[in-house]
Amino acid sequence: MSFIFCDADTKQIIDIIEDRRLSSLSTYFQRYTKEARARVKHIVIDMYAPYMSLIKELFPHAKMIIDKFHLVQHLSRALNKTRIRLMKKFKKHSRKFKRYWRLFLKSHTLPNTTNYRTVYCFKQPMREIDILNFLLDLSPELKATYDLYQDLLFAIQTKNIDRLNDLLETEHSLISPELQTAFQTFKTYQAYIKNTLTTPYTNGPIEGINNKIKVIKRIAFGYRSFYHWVTCHAKHVSSTSRVIKSRILMIQNLTKPKRKILAA
């Protein structure tokens with residue numbers, strides 16, 4: 001798989017690297033001088049330990065920022081795994097757990113608290129909050145896990161560092177093993193999460209760029225070799241898939257195609 005990185009301020013691609021292995025990335029970034037690497041102030045990444053070790057080695061003055069989306073995703077996956085495990089335990093209510101899984105992941109302010117309606121799996125009209133409370137009351141473990149999930153989610157969304165630190169420093173014995181693992185990960189990366197809440201940078205721009213690249217890759221019709229994908233010649237492929245890397249850079253306004261100057 002290739003590796004792409006961009007400028008956090010301008011949102012422009014800096015380069016696309018063929019190989020994302022640490023040895024290849026280390027060789028690539030060492031082409032820059034120590035002075036240039038020392039001027040890097042912030043780097044946004046997901047919770048991938050090898051990249052963190054690479055950053056510490058090559059960018060000594062950069063603050064590592066864990067992307068907010070990946071923090072929330074880490075928590076929601078833990079809660080969802082808990083729900084699935086308990087769904088298998090409470091077989092009588094398994095359909096309810098399966099059908100209304102979105103209610104668990106919503107922010108606590110979003111479930112409907114006013115409108116009653118006829119709902120699947122229940123005999124009487126229910127509000128969304130009633131469905132959620134019914135399922136949470138089935139298991140103290142699920143209730144504690146859900147409450148901690150909502151507290152952490154709210155602290156991240158509101159960038160409340162003090163609240164987040166209080167939650168991470170408190171023991172939560174009733175929560176599920178799945179969320180306990182995620183909770184320990186948060187404690188391990190607590191300093192980096194603080195950077196997340198105190199800076200405006202996210203991986204949003206790079207994710208948008210990745211979506212564009214996926215569309216361009218489909219046009220290349222499945223070239224497996226990065227070299228051929230990037231530098232393919234007209235005699236080997238159709239005109240729609242020539243020089244895909246150049247096309248990516250052109251779409252991002254980083255390069256312009258050469259224009260032939262016609263004689264008058």
# chains A, B, ... in the order shown; residues from 1 in each chain; ligands from 1
$ closest_atom_pairs --of "range 9-122 of chain A" --to "range 189-196 of chain A" --cutoff "12 Å" --atoms "only C-alpha atoms" --output "tab-separated table"
residue	atom	partner	partner_atom	distance
A:Lys41	CA	A:Asn195	CA	11.5
A:His42	CA	A:Asn195	CA	9.1
A:Ile43	CA	A:Asn195	CA	10.2
A:Val44	CA	A:Thr196	CA	8.5
A:Ile45	CA	A:Tyr192	CA	10.0
A:Asp46	CA	A:Tyr192	CA	10.4
A:Met47	CA	A:Tyr189	CA	8.3
A:Tyr48	CA	A:Tyr189	CA	10.8
A:Ala49	CA	A:Tyr189	CA	10.1
A:Met52	CA	A:Tyr192	CA	10.3
A:Ala62	CA	A:Asn195	CA	10.9
A:Lys63	CA	A:Asn195	CA	7.2
A:Met64	CA	A:Tyr192	CA	5.8
A:Ile65	CA	A:Thr196	CA	5.0
A:Ile66	CA	A:Thr196	CA	5.8
A:Asp67	CA	A:Thr196	CA	6.7
A:Lys68	CA	A:Thr196	CA	6.7
A:Phe69	CA	A:Thr196	CA	10.4
A:His70	CA	A:Ile193	CA	10.8
A:Leu71	CA	A:Ile193	CA	8.4
A:Val72	CA	A:Ile193	CA	11.4
$ residues_around --residues "range 113-123 of chain A" --least-positions-apart "3" --cutoff "12 Å" --atoms "only C-alpha atoms" --output "ChimeraX atom specification"
/A:92-100,108-110,126-135
$ write_last_selection --atoms "C-alpha atoms" --output "PDB file, in the first residue's frame"
ATOM      1  CA  LYS A  92     -34.936 -13.382  24.295  1.00  0.00           C
ATOM      2  CA  HIS A  93     -34.125  -9.766  23.415  1.00  0.00           C
ATOM      3  CA  SER A  94     -31.541 -10.398  20.702  1.00  0.00           C
ATOM      4  CA  ARG A  95     -33.729  -8.873  17.986  1.00  0.00           C
ATOM      5  CA  LYS A  96     -34.074  -5.675  19.984  1.00  0.00           C
ATOM      6  CA  PHE A  97     -30.307  -5.435  20.481  1.00  0.00           C
ATOM      7  CA  LYS A  98     -29.735  -6.049  16.795  1.00  0.00           C
ATOM      8  CA  ARG A  99     -32.383  -3.701  15.422  1.00  0.00           C
ATOM      9  CA  TYR A 100     -31.708  -0.711  17.670  1.00  0.00           C
ATOM     10  CA  HIS A 108     -26.996  11.007  24.693  1.00  0.00           C
ATOM     11  CA  THR A 109     -28.710  14.198  23.509  1.00  0.00           C
ATOM     12  CA  LEU A 110     -29.910  12.715  20.184  1.00  0.00           C
ATOM     13  CA  MET A 126     -42.223   3.730  22.629  1.00  0.00           C
ATOM     14  CA  ARG A 127     -39.873   6.682  22.468  1.00  0.00           C
ATOM     15  CA  GLU A 128     -36.271   6.088  21.431  1.00  0.00           C
ATOM     16  CA  ILE A 129     -35.135   6.875  24.958  1.00  0.00           C
ATOM     17  CA  ASP A 130     -37.537   4.228  26.319  1.00  0.00           C
ATOM     18  CA  ILE A 131     -36.096   1.574  24.000  1.00  0.00           C
ATOM     19  CA  LEU A 132     -32.576   2.492  25.012  1.00  0.00           C
ATOM     20  CA  ASN A 133     -33.349   2.447  28.735  1.00  0.00           C
ATOM     21  CA  PHE A 134     -35.119  -0.908  28.428  1.00  0.00           C
ATOM     22  CA  LEU A 135     -32.030  -2.507  26.884  1.00  0.00           C
TER      23      LEU A 135
END
$ residues_around --residues "range 203-209 of chain A" --least-positions-apart "2" --cutoff "8 Å" --atoms "only C-alpha atoms" --output "PyMOL selection string"
chain A and resi 5-6+8+11+44-45+67+201+211-213
$ residues_around --residues "Phe104 in chain A" --least-positions-apart "3" --cutoff "9 Å" --atoms "only C-alpha atoms" --output "mmCIF file with N, CA and C atoms, in the first residue's frame"
data_model
loop_
_atom_site.group_PDB
_atom_site.id
_atom_site.type_symbol
_atom_site.label_atom_id
_atom_site.label_comp_id
_atom_site.auth_asym_id
_atom_site.auth_seq_id
_atom_site.Cartn_x
_atom_site.Cartn_y
_atom_site.Cartn_z
ATOM 1 N N SER A 76 -16.573 3.657 20.007
ATOM 2 C CA SER A 76 -17.820 3.096 19.487
ATOM 3 C C SER A 76 -17.670 1.615 19.143
ATOM 4 N N LEU A 79 -17.947 -0.308 22.422
ATOM 5 C CA LEU A 79 -19.338 -0.407 22.875
ATOM 6 C C LEU A 79 -20.135 -1.358 21.998
ATOM 7 N N ASN A 80 -19.880 -1.331 20.709
ATOM 8 C CA ASN A 80 -20.613 -2.202 19.796
ATOM 9 C C ASN A 80 -20.275 -3.675 20.037
ATOM 10 N N ARG A 83 -22.202 -4.744 23.034
ATOM 11 C CA ARG A 83 -23.610 -4.970 22.690
ATOM 12 C C ARG A 83 -23.796 -6.325 22.012
ATOM 13 N N TYR A 100 -31.869 -2.072 17.146
ATOM 14 C CA TYR A 100 -31.708 -0.711 17.670
ATOM 15 C C TYR A 100 -30.266 -0.413 18.102
ATOM 16 N N TRP A 101 -29.309 -0.969 17.362
ATOM 17 C CA TRP A 101 -27.904 -0.782 17.705
ATOM 18 C C TRP A 101 -27.470 0.677 17.583
ATOM 19 N N SER A 107 -25.002 10.151 20.430
ATOM 20 C CA SER A 107 -24.772 11.012 21.590
ATOM 21 C C SER A 107 -26.022 11.022 22.462
ATOM 22 N N HIS A 108 -25.859 11.133 23.771
ATOM 23 C CA HIS A 108 -26.996 11.007 24.693
ATOM 24 C C HIS A 108 -28.067 12.072 24.469
ATOM 25 N N LEU A 132 -33.950 2.518 24.526
ATOM 26 C CA LEU A 132 -32.576 2.492 25.012
ATOM 27 C C LEU A 132 -32.512 2.116 26.486
ATOM 28 N N TYR A 146 -22.037 1.972 28.742
ATOM 29 C CA TYR A 146 -22.689 3.030 27.976
ATOM 30 C C TYR A 146 -22.459 4.406 28.612
#
$ residues_around --residues "Asp151 in chain A" --least-positions-apart "3" --cutoff "9 Å" --atoms "only C-alpha atoms" --output "number ranges by chain"
A: 146-148, 154-156, 163-164, 167
$ write_last_selection --atoms "C-alpha atoms" --output "PDB file, in the first residue's frame"
ATOM      1  CA  TYR A 146     -22.689   3.030  27.976  1.00  0.00           C
ATOM      2  CA  ASP A 147     -22.405   5.759  30.618  1.00  0.00           C
ATOM      3  CA  LEU A 148     -18.610   5.863  30.384  1.00  0.00           C
ATOM      4  CA  PHE A 154     -18.950  14.346  25.466  1.00  0.00           C
ATOM      5  CA  ALA A 155     -15.495  15.302  26.790  1.00  0.00           C
ATOM      6  CA  ILE A 156     -13.995  14.820  23.311  1.00  0.00           C
ATOM      7  CA  ARG A 163     -13.255  16.250  32.403  1.00  0.00           C
ATOM      8  CA  LEU A 164     -11.370  13.796  30.217  1.00  0.00           C
ATOM      9  CA  LEU A 167     -12.468  10.130  33.692  1.00  0.00           C
TER      10      LEU A 167
END
$ residues_around --residues "range 175-185 of chain A" --least-positions-apart "5" --cutoff "6 Å" --atoms "only C-alpha atoms" --output "VMD selection string"
chain A and resid 78 141 144 to 145
$ write_last_selection --atoms "C-alpha atoms" --output "JSON list (two decimals), in the first residue's frame"
[["chain", "number", "residue", "atom", "x", "y", "z"],
["A", 78, "ALA", "CA", -15.72, -1.21, 21.98],
["A", 141, "GLU", "CA", -22.29, -4.01, 32.78],
["A", 144, "ALA", "CA", -21.85, 1.25, 33.07],
["A", 145, "THR", "CA", -20.15, 0.80, 29.71]]
$ atom_distance --atom1 "CA of Asn112 in chain A" --atom2 "CA of Ile161 in chain A"
28.6 Å
$ closest_residue --among "A:Lys81, A:Leu152, A:Pro140, A:Phe3" --to "Arg21 in chain A" --atoms "only C-alpha atoms"
A:Phe3
$ select_by_dssp --residues "range 9-57 of chain A" --states "alpha helix (DSSP H)" --output "number ranges by chain"
A: 22-29, 34-38, 49-57
$ select_by_dssp --residues "range 64-129 of chain A" --states "strand (DSSP E or B)" --output "PDB file with C-alpha atoms, in the first residue's frame"
ATOM      1  CA  MET A  64       1.631  14.105  17.827  1.00  0.00           C
ATOM      2  CA  ILE A  65      -2.126  14.579  17.452  1.00  0.00           C
ATOM      3  CA  ILE A  66      -4.459  11.589  17.382  1.00  0.00           C
ATOM      4  CA  ARG A 117     -44.512   5.652  17.975  1.00  0.00           C
ATOM      5  CA  MET A 126     -42.223   3.730  22.629  1.00  0.00           C
TER       6      MET A 126
END
$ atom_distance --atom1 "CA of Phe186 in chain A" --atom2 "CA of Leu22 in chain A"
23.8 Å
$ atom_distance --atom1 "CA of Asp162 in chain A" --atom2 "CA of Pro200 in chain A"
18.0 Å
